[in-house]
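Listing of data_18.csv, CSV, C-alpha atoms (C1' of nucleotides)
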chain,number,residue,atom,x,y,z
A,173,MET,CA,-62.4,40.9,-25.0
A,174,SER,CA,-59.6,40.0,-22.6
A,175,GLU,CA,-58.3,37.3,-25.0
A,176,LYS,CA,-57.5,38.7,-28.4
A,177,GLN,CA,-55.1,37.0,-30.7
A,178,CYS,CA,-52.6,36.1,-28.0
A,179,SER,CA,-49.7,36.4,-30.5
A,180,MET,CA,-48.8,39.7,-31.9
A,181,THR,CA,-45.6,40.6,-33.7
A,182,ILE,CA,-43.8,43.7,-32.4
A,183,GLY,CA,-45.3,45.7,-35.2
A,184,VAL,CA,-48.9,44.8,-34.2
A,185,LEU,CA,-48.1,45.4,-30.6
A,186,ALA,CA,-46.8,48.8,-31.5
A,187,LYS,CA,-50.0,49.7,-33.3
A,188,ALA,CA,-52.1,48.2,-30.5
A,189,SER,CA,-50.3,50.4,-27.9
A,190,SER,CA,-49.8,53.3,-30.3
A,191,MET,CA,-46.2,53.3,-29.6
A,192,GLY,CA,-43.3,53.1,-32.0
A,193,VAL,CA,-41.6,49.7,-32.6
A,194,GLU,CA,-38.4,51.3,-31.7
A,195,THR,CA,-39.8,52.6,-28.4
A,196,ILE,CA,-40.8,49.1,-27.4
A,197,ARG,CA,-37.5,47.7,-28.3
A,198,TYR,CA,-36.0,50.5,-26.3
A,199,TYR,CA,-38.1,49.5,-23.3
A,200,GLN,CA,-36.9,45.9,-23.7
A,201,ARG,CA,-33.3,47.1,-23.6
A,202,ARG,CA,-34.1,49.0,-20.5
A,203,GLY,CA,-35.6,46.0,-18.9
A,204,LEU,CA,-39.1,47.4,-18.6
A,205,VAL,CA,-40.6,44.9,-21.0
A,206,ALA,CA,-39.6,41.3,-21.2
A,207,GLU,CA,-38.3,39.9,-24.5
A,208,PRO,CA,-40.3,36.7,-25.2
A,209,GLU,CA,-38.4,33.7,-26.4
A,210,LYS,CA,-38.4,33.3,-30.1
A,211,PRO,CA,-40.8,30.4,-30.6
A,212,TYR,CA,-40.7,29.3,-34.2
A,213,GLY,CA,-38.4,30.8,-36.7
A,214,SER,CA,-36.9,33.8,-35.2
A,215,ILE,CA,-39.7,36.3,-34.7
A,216,ARG,CA,-40.9,37.1,-31.3
A,217,HIS,CA,-44.6,37.0,-30.4
A,218,TYR,CA,-46.2,39.1,-27.7
A,219,ASP,CA,-49.4,38.6,-25.8
A,220,GLU,CA,-52.0,40.6,-23.9
A,221,GLN,CA,-49.7,40.8,-20.9
A,222,ALA,CA,-47.1,42.7,-22.9
A,223,LEU,CA,-49.7,45.1,-24.0
A,224,ALA,CA,-50.9,45.6,-20.4
A,225,ARG,CA,-47.4,46.4,-19.4
A,226,LEU,CA,-47.0,49.0,-22.1
A,227,HIS,CA,-50.3,50.5,-20.8
A,228,PHE,CA,-48.9,50.5,-17.3
A,229,ILE,CA,-45.8,52.3,-18.4
A,230,ARG,CA,-47.7,54.9,-20.3
A,231,THR,CA,-50.0,55.7,-17.5
A,232,ALA,CA,-47.2,55.9,-14.9
A,233,GLN,CA,-45.4,58.1,-17.3
A,234,TRP,CA,-48.3,60.4,-17.6
A,235,LEU,CA,-48.3,60.7,-13.8
A,236,GLY,CA,-44.8,62.0,-14.0
A,237,PHE,CA,-42.8,58.9,-13.1
A,238,SER,CA,-39.5,58.5,-15.0
A,239,LEU,CA,-38.6,55.3,-16.7
A,240,ASP,CA,-36.3,54.4,-13.8
A,241,GLU,CA,-39.1,55.0,-11.3
A,242,ILE,CA,-41.4,52.9,-13.4
A,243,GLY,CA,-38.9,50.2,-13.2
A,244,GLU,CA,-39.1,50.4,-9.4
A,245,LEU,CA,-42.9,50.2,-9.6
A,246,LEU,CA,-42.8,47.2,-11.9
A,247,LYS,CA,-40.6,45.4,-9.3
A,248,LEU,CA,-43.5,45.7,-6.9
A,249,GLU,CA,-45.9,44.4,-9.5
A,250,ASP,CA,-47.3,41.5,-7.6
A,251,GLY,CA,-49.4,43.9,-5.5
A,252,ALA,CA,-47.8,42.7,-2.3
A,253,HIS,CA,-45.7,45.8,-1.7
A,254,CYS,CA,-48.5,48.3,-1.3
A,255,ASP,CA,-46.4,50.3,1.2
A,256,GLU,CA,-43.5,50.9,-1.2
A,257,ALA,CA,-45.8,51.8,-4.0
A,258,ARG,CA,-47.6,54.3,-1.8
A,259,ALA,CA,-44.3,55.8,-0.7
A,260,LEU,CA,-43.3,56.3,-4.3
A,261,GLY,CA,-46.7,57.8,-5.0
A,262,GLU,CA,-46.4,60.2,-2.1
A,263,GLN,CA,-42.9,61.3,-3.2
A,264,LYS,CA,-44.2,62.0,-6.6
A,265,LEU,CA,-47.2,63.8,-5.2
A,266,THR,CA,-44.9,66.1,-3.2
A,267,SER,CA,-42.8,66.9,-6.2
A,268,VAL,CA,-46.0,67.6,-8.2
A,269,ARG,CA,-47.2,70.0,-5.6
A,270,GLN,CA,-43.9,71.8,-5.4
A,271,LYS,CA,-43.9,72.2,-9.1
A,272,ILE,CA,-47.4,73.6,-9.1
A,273,LEU,CA,-46.4,76.2,-6.5
A,274,SER,CA,-43.4,77.2,-8.5
A,275,LEU,CA,-45.5,77.5,-11.6
A,276,GLN,CA,-48.0,79.6,-9.8
A,277,ARG,CA,-45.3,82.0,-8.6
A,278,ILE,CA,-44.1,82.2,-12.2
A,279,GLU,CA,-47.7,82.7,-13.4
A,280,ARG,CA,-48.2,85.7,-11.1
A,281,ALA,CA,-44.9,87.3,-12.1
A,282,LEU,CA,-45.6,86.9,-15.8
A,283,GLU,CA,-49.2,88.1,-15.3
A,284,GLU,CA,-48.0,91.3,-13.7
A,285,LEU,CA,-45.3,91.8,-16.4
A,286,VAL,CA,-47.8,91.4,-19.2
A,287,GLN,CA,-50.3,93.6,-17.6
A,288,GLU,CA,-47.8,96.4,-17.1
A,289,CYS,CA,-47.0,96.1,-20.8
A,290,CYS,CA,-50.6,96.4,-21.7
A,291,ALA,CA,-51.1,99.4,-19.4
A,292,GLN,CA,-48.6,101.7,-21.0
A,293,GLN,CA,-48.9,101.0,-24.7
A,294,GLY,CA,-46.9,103.2,-27.0
A,295,ASN,CA,-44.2,104.0,-24.4
A,296,VAL,CA,-40.7,103.3,-25.5
A,297,ASN,CA,-39.7,101.7,-22.2
A,298,CYS,CA,-40.9,98.1,-22.0
A,299,PRO,CA,-41.5,97.2,-18.4
A,300,LEU,CA,-41.2,93.5,-19.0
A,301,LEU,CA,-37.7,93.8,-20.4
A,302,ALA,CA,-36.9,96.3,-17.7
A,303,SER,CA,-37.9,93.8,-15.0
A,304,LEU,CA,-35.8,91.1,-16.6
A,305,HIS,CA,-32.9,93.4,-16.3
A,306,ASP,CA,-33.5,94.6,-12.8
A,307,GLY,CA,-34.6,91.2,-11.5
A,308,LEU,CA,-37.9,90.3,-10.1
A,309,GLU,CA,-37.2,90.6,-6.5
A,310,GLU,CA,-39.9,93.2,-5.9
A,311,LYS,CA,-42.4,91.0,-7.6
A,312,LEU,CA,-41.6,87.8,-5.9
A,313,GLY,CA,-40.4,88.5,-2.4
A,314,GLU,CA,-36.9,87.6,-1.6
A,315,GLY,CA,-35.8,84.1,-1.4
A,316,ASN,CA,-37.9,83.1,-4.4
A,317,ALA,CA,-35.4,84.1,-7.1
A,318,ARG,CA,-34.0,80.7,-8.1
A,319,LYS,CA,-30.8,80.2,-10.0
A,320,ARG,CA,-32.2,77.7,-12.5
A,321,PRO,CA,-35.4,77.3,-14.3
A,322,ALA,CA,-38.0,76.4,-11.7
A,323,VAL,CA,-39.8,74.2,-14.1
A,324,ASN,CA,-39.3,72.6,-17.5
A,325,LEU,CA,-42.0,74.1,-19.8
A,326,SER,CA,-41.5,72.1,-22.9
B,169,MET,CA,-22.6,100.1,-6.1
B,170,SER,CA,-23.4,100.3,-9.8
B,171,GLU,CA,-19.7,100.7,-10.8
B,172,LYS,CA,-17.6,98.0,-9.3
B,173,GLN,CA,-14.3,97.1,-10.9
B,174,CYS,CA,-15.4,97.5,-14.5
B,175,SER,CA,-13.0,94.8,-15.6
B,176,MET,CA,-13.5,91.3,-14.6
B,177,THR,CA,-12.0,88.2,-16.1
B,178,ILE,CA,-14.3,85.4,-17.0
B,179,GLY,CA,-13.6,83.6,-13.7
B,180,VAL,CA,-14.5,86.7,-11.6
B,181,LEU,CA,-17.6,87.2,-13.7
B,182,ALA,CA,-18.5,83.6,-13.1
B,183,LYS,CA,-18.3,84.0,-9.4
B,184,ALA,CA,-20.1,87.3,-9.5
B,185,SER,CA,-23.0,85.7,-11.4
B,186,SER,CA,-22.7,82.4,-9.6
B,187,MET,CA,-22.5,80.6,-12.9
B,188,GLY,CA,-19.8,78.4,-14.2
B,189,VAL,CA,-17.1,79.7,-16.5
B,190,GLU,CA,-18.1,77.0,-19.0
B,191,THR,CA,-21.7,78.2,-18.8
B,192,ILE,CA,-20.7,81.7,-19.7
B,193,ARG,CA,-18.5,80.5,-22.6
B,194,TYR,CA,-21.4,78.4,-23.7
B,195,TYR,CA,-23.7,81.5,-23.8
B,196,GLN,CA,-21.1,83.3,-25.8
B,197,ARG,CA,-21.0,80.5,-28.3
B,198,ARG,CA,-24.9,80.7,-28.5
B,199,GLY,CA,-24.7,84.4,-29.0
B,200,LEU,CA,-26.5,85.4,-25.8
B,201,VAL,CA,-23.5,87.2,-24.4
B,202,ALA,CA,-21.0,89.2,-26.4
B,203,GLU,CA,-17.4,88.3,-26.4
B,204,PRO,CA,-15.4,91.4,-25.6
B,205,GLU,CA,-12.4,92.2,-27.7
B,206,LYS,CA,-9.2,91.1,-26.1
B,207,PRO,CA,-7.7,94.4,-24.9
B,208,TYR,CA,-4.1,93.8,-23.8
B,209,GLY,CA,-2.5,90.5,-23.9
B,210,SER,CA,-5.1,87.9,-24.8
B,211,ILE,CA,-7.4,87.7,-21.9
B,212,ARG,CA,-10.9,89.1,-22.2
B,213,HIS,CA,-12.3,91.6,-19.7
B,214,TYR,CA,-16.0,91.9,-18.8
B,215,ASP,CA,-17.9,94.8,-17.3
B,216,GLU,CA,-21.1,95.4,-15.4
B,217,GLN,CA,-23.1,95.2,-18.6
B,218,ALA,CA,-22.1,91.6,-19.1
B,219,LEU,CA,-23.1,90.8,-15.5
B,220,ALA,CA,-26.4,92.5,-16.1
B,221,ARG,CA,-27.0,90.4,-19.1
B,222,LEU,CA,-26.3,87.2,-17.2
B,223,HIS,CA,-28.8,88.3,-14.6
B,224,PHE,CA,-31.3,88.9,-17.4
B,225,ILE,CA,-30.7,85.4,-18.7
B,226,ARG,CA,-31.2,83.8,-15.4
B,227,THR,CA,-34.3,85.6,-14.5
B,228,ALA,CA,-35.9,84.9,-17.9
B,229,GLN,CA,-34.8,81.3,-17.5
B,230,TRP,CA,-36.5,81.1,-14.1
B,231,LEU,CA,-39.7,82.3,-15.8
B,232,GLY,CA,-39.5,79.3,-18.1
B,233,PHE,CA,-38.0,80.9,-21.2
B,234,SER,CA,-35.7,78.7,-23.2
B,235,LEU,CA,-32.3,80.0,-24.3
B,236,ASP,CA,-33.7,80.4,-27.8
B,237,GLU,CA,-36.5,82.5,-26.5
B,238,ILE,CA,-34.2,84.5,-24.4
B,239,GLY,CA,-32.2,85.2,-27.5
B,240,GLU,CA,-35.5,86.6,-29.0
B,241,LEU,CA,-36.0,88.7,-25.9
B,242,LEU,CA,-32.5,90.0,-26.1
B,243,LYS,CA,-33.0,91.2,-29.6
B,244,LEU,CA,-35.8,93.4,-28.3
B,245,GLU,CA,-33.5,94.7,-25.6
B,246,ASP,CA,-33.6,98.4,-26.5
B,247,GLY,CA,-37.1,98.6,-24.9
B,248,ALA,CA,-38.7,99.8,-28.2
B,249,HIS,CA,-40.4,96.5,-28.9
B,250,CYS,CA,-42.8,96.3,-26.0
B,251,ASP,CA,-45.5,94.6,-28.2
B,252,GLU,CA,-43.3,91.7,-29.2
B,253,ALA,CA,-42.0,91.3,-25.7
B,254,ARG,CA,-45.5,91.3,-24.4
B,255,ALA,CA,-46.5,88.7,-27.0
B,256,LEU,CA,-43.7,86.4,-25.9
B,257,GLY,CA,-44.7,86.9,-22.3
B,258,GLU,CA,-48.3,86.1,-23.1
B,259,GLN,CA,-47.4,82.9,-24.9
B,260,LYS,CA,-45.3,81.8,-22.0
B,261,LEU,CA,-48.1,82.6,-19.6
B,262,THR,CA,-50.5,80.5,-21.6
B,263,SER,CA,-48.1,77.5,-21.5
B,264,VAL,CA,-47.5,78.0,-17.8
B,265,ARG,CA,-51.2,77.9,-17.2
B,266,GLN,CA,-51.7,74.8,-19.3
B,267,LYS,CA,-48.9,73.1,-17.4
B,268,ILE,CA,-50.5,74.0,-14.1
B,269,LEU,CA,-53.8,72.5,-15.2
B,270,SER,CA,-52.1,69.3,-16.2
B,271,LEU,CA,-50.2,69.1,-13.0
B,272,GLN,CA,-53.4,69.6,-11.0
B,273,ARG,CA,-55.1,66.8,-12.8
B,274,ILE,CA,-52.1,64.6,-12.0
B,275,GLU,CA,-52.2,65.8,-8.4
B,276,ARG,CA,-55.8,64.7,-8.0
B,277,ALA,CA,-55.1,61.3,-9.6
B,278,LEU,CA,-52.1,60.7,-7.4
B,279,GLU,CA,-53.9,61.9,-4.3
B,280,GLU,CA,-56.7,59.4,-4.8
B,281,LEU,CA,-54.3,56.6,-5.5
B,282,VAL,CA,-52.3,57.3,-2.4
B,283,GLN,CA,-55.4,57.7,-0.2
B,284,GLU,CA,-56.8,54.3,-1.4
B,285,CYS,CA,-53.5,52.7,-0.5
B,286,CYS,CA,-53.7,54.3,3.0
B,287,ALA,CA,-57.3,53.1,3.4
B,288,GLN,CA,-56.7,49.5,3.0
B,289,GLN,CA,-53.5,48.8,4.8
B,290,GLY,CA,-52.4,45.2,5.0
B,291,ASN,CA,-54.3,44.0,2.0
B,292,VAL,CA,-52.4,42.1,-0.6
B,293,ASN,CA,-53.8,44.0,-3.5
B,294,CYS,CA,-52.3,47.4,-4.1
B,295,PRO,CA,-54.9,49.8,-5.6
B,296,LEU,CA,-52.2,52.1,-6.9
B,297,LEU,CA,-50.5,49.4,-8.9
B,298,ALA,CA,-53.9,48.0,-10.0
B,299,SER,CA,-54.9,51.4,-11.3
B,300,LEU,CA,-51.7,51.7,-13.3
B,301,HIS,CA,-52.5,48.4,-14.9
B,302,ASP,CA,-56.1,49.2,-15.6
B,303,GLY,CA,-55.6,52.7,-16.5
B,304,LEU,CA,-56.9,55.8,-14.9
B,305,GLU,CA,-59.9,56.4,-17.1
B,306,GLU,CA,-62.4,56.3,-14.2
B,307,LYS,CA,-60.3,58.7,-12.1
B,308,LEU,CA,-59.7,61.2,-14.8
B,309,GLY,CA,-62.7,61.2,-17.1
B,310,GLU,CA,-62.1,60.1,-20.7
B,311,GLY,CA,-60.1,62.3,-23.0
B,312,ASN,CA,-57.6,63.2,-20.3
B,313,ALA,CA,-55.4,60.1,-20.7
B,314,ARG,CA,-52.5,61.5,-22.6
B,315,LYS,CA,-50.0,59.4,-24.6
B,316,ARG,CA,-46.9,61.1,-23.3
B,317,PRO,CA,-45.9,62.6,-20.0
B,318,ALA,CA,-48.1,65.6,-19.4
B,319,VAL,CA,-45.3,67.4,-17.7
B,320,ASN,CA,-41.6,67.2,-17.1
B,321,LEU,CA,-41.1,66.7,-13.4
B,322,SER,CA,-37.4,67.0,-13.0
C,66,DG,C1',12.6,82.6,-12.7
C,67,DT,C1',9.9,79.1,-11.2
C,68,DT,C1',5.6,77.6,-9.6
C,69,DA,C1',0.8,77.7,-9.6
C,70,DC,C1',-3.3,79.5,-11.1
C,71,DT,C1',-6.3,81.1,-14.6
C,72,DC,C1',-7.6,81.8,-19.4
C,73,DC,C1',-8.4,80.4,-24.2
C,74,DC,C1',-10.2,77.3,-27.6
C,75,DG,C1',-12.1,73.4,-29.7
C,76,DT,C1',-14.1,69.2,-29.1
C,77,DA,C1',-16.6,65.7,-26.8
C,78,DG,C1',-19.4,63.8,-23.1
C,79,DT,C1',-23.7,63.9,-20.0
C,80,DC,C1',-28.8,63.1,-19.1
C,81,DA,C1',-33.6,61.2,-20.6
C,82,DG,C1',-36.3,59.3,-23.8
C,83,DC,C1',-36.6,58.3,-27.7
C,84,DT,C1',-35.8,57.9,-33.1
C,85,DA,C1',-33.2,56.6,-37.1
C,86,DC,C1',-30.1,53.8,-39.9
C,87,DG,C1',-28.3,49.8,-42.2
C,88,DG,C1',-27.8,45.2,-43.4
C,89,DA,C1',-29.2,40.5,-42.9
C,90,DA,C1',-32.9,37.2,-42.1
C,91,DT,C1',-37.6,35.8,-42.2
C,92,DC,C1',-42.4,35.7,-43.5
C,93,DA,C1',-46.8,36.1,-46.4
C,94,DA,C1',-48.8,36.8,-50.9
C,95,DG,C1',-49.0,36.0,-55.6
D,125,DC,C1',-39.8,31.4,-56.5
D,126,DT,C1',-39.8,36.1,-56.4
D,127,DT,C1',-41.2,40.4,-54.4
D,128,DG,C1',-41.9,43.4,-50.8
D,129,DA,C1',-43.0,44.1,-46.1
D,130,DT,C1',-41.6,43.2,-41.5
D,131,DT,C1',-38.4,41.8,-37.9
D,132,DC,C1',-33.9,41.5,-35.7
D,133,DC,C1',-29.9,43.6,-33.9
D,134,DG,C1',-26.3,46.8,-32.9
D,135,DT,C1',-25.1,51.3,-33.1
D,136,DA,C1',-25.5,56.2,-33.7
D,137,DG,C1',-28.1,60.5,-33.7
D,138,DC,C1',-31.4,63.9,-31.7
D,139,DT,C1',-32.9,67.8,-28.2
D,140,DG,C1',-31.5,71.4,-24.5
D,141,DA,C1',-28.5,73.0,-21.4
D,142,DC,C1',-24.8,72.4,-19.8
D,143,DT,C1',-20.1,70.2,-18.1
D,144,DA,C1',-15.6,68.2,-18.8
D,145,DC,C1',-11.1,67.6,-21.0
D,146,DG,C1',-6.7,68.6,-22.9
D,147,DG,C1',-3.1,71.3,-24.3
D,148,DG,C1',-1.1,75.6,-24.9
D,149,DA,C1',-0.5,80.4,-23.4
D,150,DG,C1',-0.6,84.2,-20.3
D,151,DT,C1',-0.3,86.1,-15.5
D,152,DA,C1',0.6,86.8,-10.5
D,153,DA,C1',3.1,85.7,-6.3
D,154,DC,C1',7.2,84.6,-4.1
Would you write out, as structure tokens, the structure that this file holds?
Amino acid sequence: MSEKQCSMTIGVLAKASSMGVETIRYYQRRGLVAEPEKPYGSIRHYDEQALARLHFIRTAQWLGFSLDEIGELLKLEDGAHCDEARALGEQKLTSVRQKILSLQRIERALEELVQECCAQQGNVNCPLLASLHDGLEEKLGEGNARKRPAVNLS
Amino acid sequence: MSEKQCSMTIGVLAKASSMGVETIRYYQRRGLVAEPEKPYGSIRHYDEQALARLHFIRTAQWLGFSLDEIGELLKLEDGAHCDEARALGEQKLTSVRQKILSLQRIERALEELVQECCAQQGNVNCPLLASLHDGLEEKLGEGNARKRPAVNLS
DNA sequence: GTTACTCCCGTAGTCAGCTACGGAATCAAG
DNA sequence: CTTGATTCCGTAGCTGACTACGGGAGTAAC
């Protein structure tokens, strides 16, 4: 179970990790995954460790770490730098919490706008569009109106 | 107060809206802001309405609307399409709420990881890094492990 | 009337994280 | 030994929202 065929081509590795071949090659170029030496012929072979690393990358990515930050984490990989890893985790936690707060403010504003639209059906004046024109200061309390998107909603 | 100098150059408009000149020109190219005819000479002049539109764009952007979506909203601008505007608002509200849920799951996972790191200071084995290796299935309940970043934390 | 700033316009570059393309080499099956 | 899939490698394209550059023209101040 922990020792499959310790020799996958990149295509097999891609399937095993459900990533694209090109993605893995991209990670190699970024230095996140080592390129194994070409053993015989000229085709590289990958082992369980490579698969584990892809797993690591994907999990960290899910937690919101960028590829650069994942690079940092991988430098601490031996487990001896718990403090640094924790610091990175705490930073990320802070940014996640800020993002949640921003989104909750946005949620409340949108909620109100949509409700107002529901309340006065049939009227010609749309309160949602009106609020976009007039700004949302009343709805948000001053100081909350940011210049740029508070959050990337993809 | 509502009628300043009804004739700003793009530079003045940029300052008034605290956007860059290039940004405004970009919005013109995208069709979000009208290019006024060149009146005398060959320099365009903008009025309060242009400023209001930039305000609209920024507020909508803060709410998480993309420039494309803002284009949609602007097509409804006369206020007669309250239903469509509300529908767009509801869609956005749904995606905001999903994003909040994702972030809260991430928050919980990070919280636990950081706490474990704090709990066993001085140990060689870092539980945060270990979890990234092993995956977070235990911490998240199966089915939550997404392939790609759940959220853009910029 | 000269200097210095701003505007106009098109094009191209930036960031992140991929994704695609094209041509040569290699490998496995028949 | 040929066919067809896969790999290798470099380079280029994609998305979204800007941001920068370069050269020419207009405009304002002294």
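If you take all atoms listed in the file and a cut-off of 12 Å, the residues of chain B that reach chain D are Thr177, Met187, Gly188, Val189, Glu190, Thr191, Ile192, Arg193, Tyr194, Tyr195, Arg198, Tyr208, Gly209, Ser210, Ile211, Arg212, Gln229, Phe233, Ser234, Leu235 and Asp236 of chain B.
Least-squares fitting of chain B to chain A, using all C-alpha atoms matched in order, gives an RMSD of 0.2 Å.
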Please, which residues in chain A fall within 7 Å of chain B when counting only C-alpha atoms, and what is the closest atom pair and distance in Å to one decimal for each, ordered by chain then residue number, as JSON lines?
{"residue": "A:Ala224", "atom": "CA", "partner": "B:His301", "partner_atom": "CA", "distance": 6.4}
{"residue": "A:His227", "atom": "CA", "partner": "B:His301", "partner_atom": "CA", "distance": 6.6}
{"residue": "A:Phe228", "atom": "CA", "partner": "B:His301", "partner_atom": "CA", "distance": 4.8}
{"residue": "A:Arg230", "atom": "CA", "partner": "B:Lys315", "partner_atom": "CA", "distance": 6.6}
{"residue": "A:Thr231", "atom": "CA", "partner": "B:Leu300", "partner_atom": "CA", "distance": 6.0}
{"residue": "A:Ala232", "atom": "CA", "partner": "B:Leu300", "partner_atom": "CA", "distance": 6.4}
{"residue": "A:Gln233", "atom": "CA", "partner": "B:Pro317", "partner_atom": "CA", "distance": 5.3}
{"residue": "A:Trp234", "atom": "CA", "partner": "B:Pro317", "partner_atom": "CA", "distance": 4.0}
{"residue": "A:Leu235", "atom": "CA", "partner": "B:Ile274", "partner_atom": "CA", "distance": 5.7}
{"residue": "A:Gly236", "atom": "CA", "partner": "B:Leu321", "partner_atom": "CA", "distance": 6.0}
{"residue": "A:Glu249", "atom": "CA", "partner": "B:Leu297", "partner_atom": "CA", "distance": 6.8}
{"residue": "A:Gly251", "atom": "CA", "partner": "B:Cys294", "partner_atom": "CA", "distance": 4.8}
{"residue": "A:Ala252", "atom": "CA", "partner": "B:Val292", "partner_atom": "CA", "distance": 4.9}
{"residue": "A:Cys254", "atom": "CA", "partner": "B:Cys294", "partner_atom": "CA", "distance": 4.8}
{"residue": "A:Arg258", "atom": "CA", "partner": "B:Val282", "partner_atom": "CA", "distance": 5.6}
{"residue": "A:Gly261", "atom": "CA", "partner": "B:Val282", "partner_atom": "CA", "distance": 6.2}
{"residue": "A:Glu262", "atom": "CA", "partner": "B:Val282", "partner_atom": "CA", "distance": 6.6}
{"residue": "A:Leu265", "atom": "CA", "partner": "B:Leu278", "partner_atom": "CA", "distance": 6.2}
{"residue": "A:Val268", "atom": "CA", "partner": "B:Glu275", "partner_atom": "CA", "distance": 6.5}
{"residue": "A:Ile272", "atom": "CA", "partner": "B:Ile268", "partner_atom": "CA", "distance": 5.9}
{"residue": "A:Leu275", "atom": "CA", "partner": "B:Val264", "partner_atom": "CA", "distance": 6.5}
{"residue": "A:Ile278", "atom": "CA", "partner": "B:Leu231", "partner_atom": "CA", "distance": 5.7}
{"residue": "A:Glu279", "atom": "CA", "partner": "B:Leu261", "partner_atom": "CA", "distance": 6.2}
{"residue": "A:Leu282", "atom": "CA", "partner": "B:Leu261", "partner_atom": "CA", "distance": 6.3}
{"residue": "A:Val286", "atom": "CA", "partner": "B:Arg254", "partner_atom": "CA", "distance": 5.7}
{"residue": "A:Cys289", "atom": "CA", "partner": "B:Arg254", "partner_atom": "CA", "distance": 6.2}
{"residue": "A:Val296", "atom": "CA", "partner": "B:Ala248", "partner_atom": "CA", "distance": 4.9}
{"residue": "A:Asn297", "atom": "CA", "partner": "B:Gly247", "partner_atom": "CA", "distance": 4.9}
{"residue": "A:Cys298", "atom": "CA", "partner": "B:Cys250", "partner_atom": "CA", "distance": 4.8}
{"residue": "A:Leu301", "atom": "CA", "partner": "B:Gly247", "partner_atom": "CA", "distance": 6.6}
{"residue": "A:Leu304", "atom": "CA", "partner": "B:Phe224", "partner_atom": "CA", "distance": 5.1}
{"residue": "A:His305", "atom": "CA", "partner": "B:Phe224", "partner_atom": "CA", "distance": 4.9}
{"residue": "A:Gly307", "atom": "CA", "partner": "B:Thr227", "partner_atom": "CA", "distance": 6.4}
{"residue": "A:Arg318", "atom": "CA", "partner": "B:Trp230", "partner_atom": "CA", "distance": 6.5}
{"residue": "A:Lys319", "atom": "CA", "partner": "B:Arg226", "partner_atom": "CA", "distance": 6.5}
{"residue": "A:Arg320", "atom": "CA", "partner": "B:Trp230", "partner_atom": "CA", "distance": 5.7}
{"residue": "A:Pro321", "atom": "CA", "partner": "B:Trp230", "partner_atom": "CA", "distance": 4.0}
{"residue": "A:Ala322", "atom": "CA", "partner": "B:Trp230", "partner_atom": "CA", "distance": 5.5}
{"residue": "A:Val323", "atom": "CA", "partner": "B:Gly232", "partner_atom": "CA", "distance": 6.5}
{"residue": "A:Asn324", "atom": "CA", "partner": "B:Asn320", "partner_atom": "CA", "distance": 5.9}
{"residue": "A:Leu325", "atom": "CA", "partner": "B:Gly232", "partner_atom": "CA", "distance": 6.0}
d(CA of Glu216 (chain B), CA of Ile238 (chain B)) in Å: 19.3 Å
Residue list for chain C near chain A as a short mmCIF file (atom, residue, chain, number, x, y, z; two decimals) with C-alpha atoms (C1' of nucleotides), in the frame of the given file, 9 Å, only C-alpha atoms (C1' of nucleotides):
data_model
loop_
_atom_site.label_atom_id
_atom_site.label_comp_id
_atom_site.auth_asym_id
_atom_site.auth_seq_id
_atom_site.Cartn_x
_atom_site.Cartn_y
_atom_site.Cartn_z
"C1'" DA C 81 -33.60 61.20 -20.60
"C1'" DG C 82 -36.30 59.30 -23.80
"C1'" DC C 83 -36.60 58.30 -27.70
"C1'" DT C 84 -35.80 57.90 -33.10
"C1'" DA C 90 -32.90 37.20 -42.10
"C1'" DT C 91 -37.60 35.80 -42.20
#
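In this model, the gap between CA of Val180 (chain B) and C1' of DT79 (chain C) comes to 26.0 Å.
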Between CA of Lys243 (chain B) and C1' of DC74 (chain C) - distance in Å to one decimal: 26.8 Å
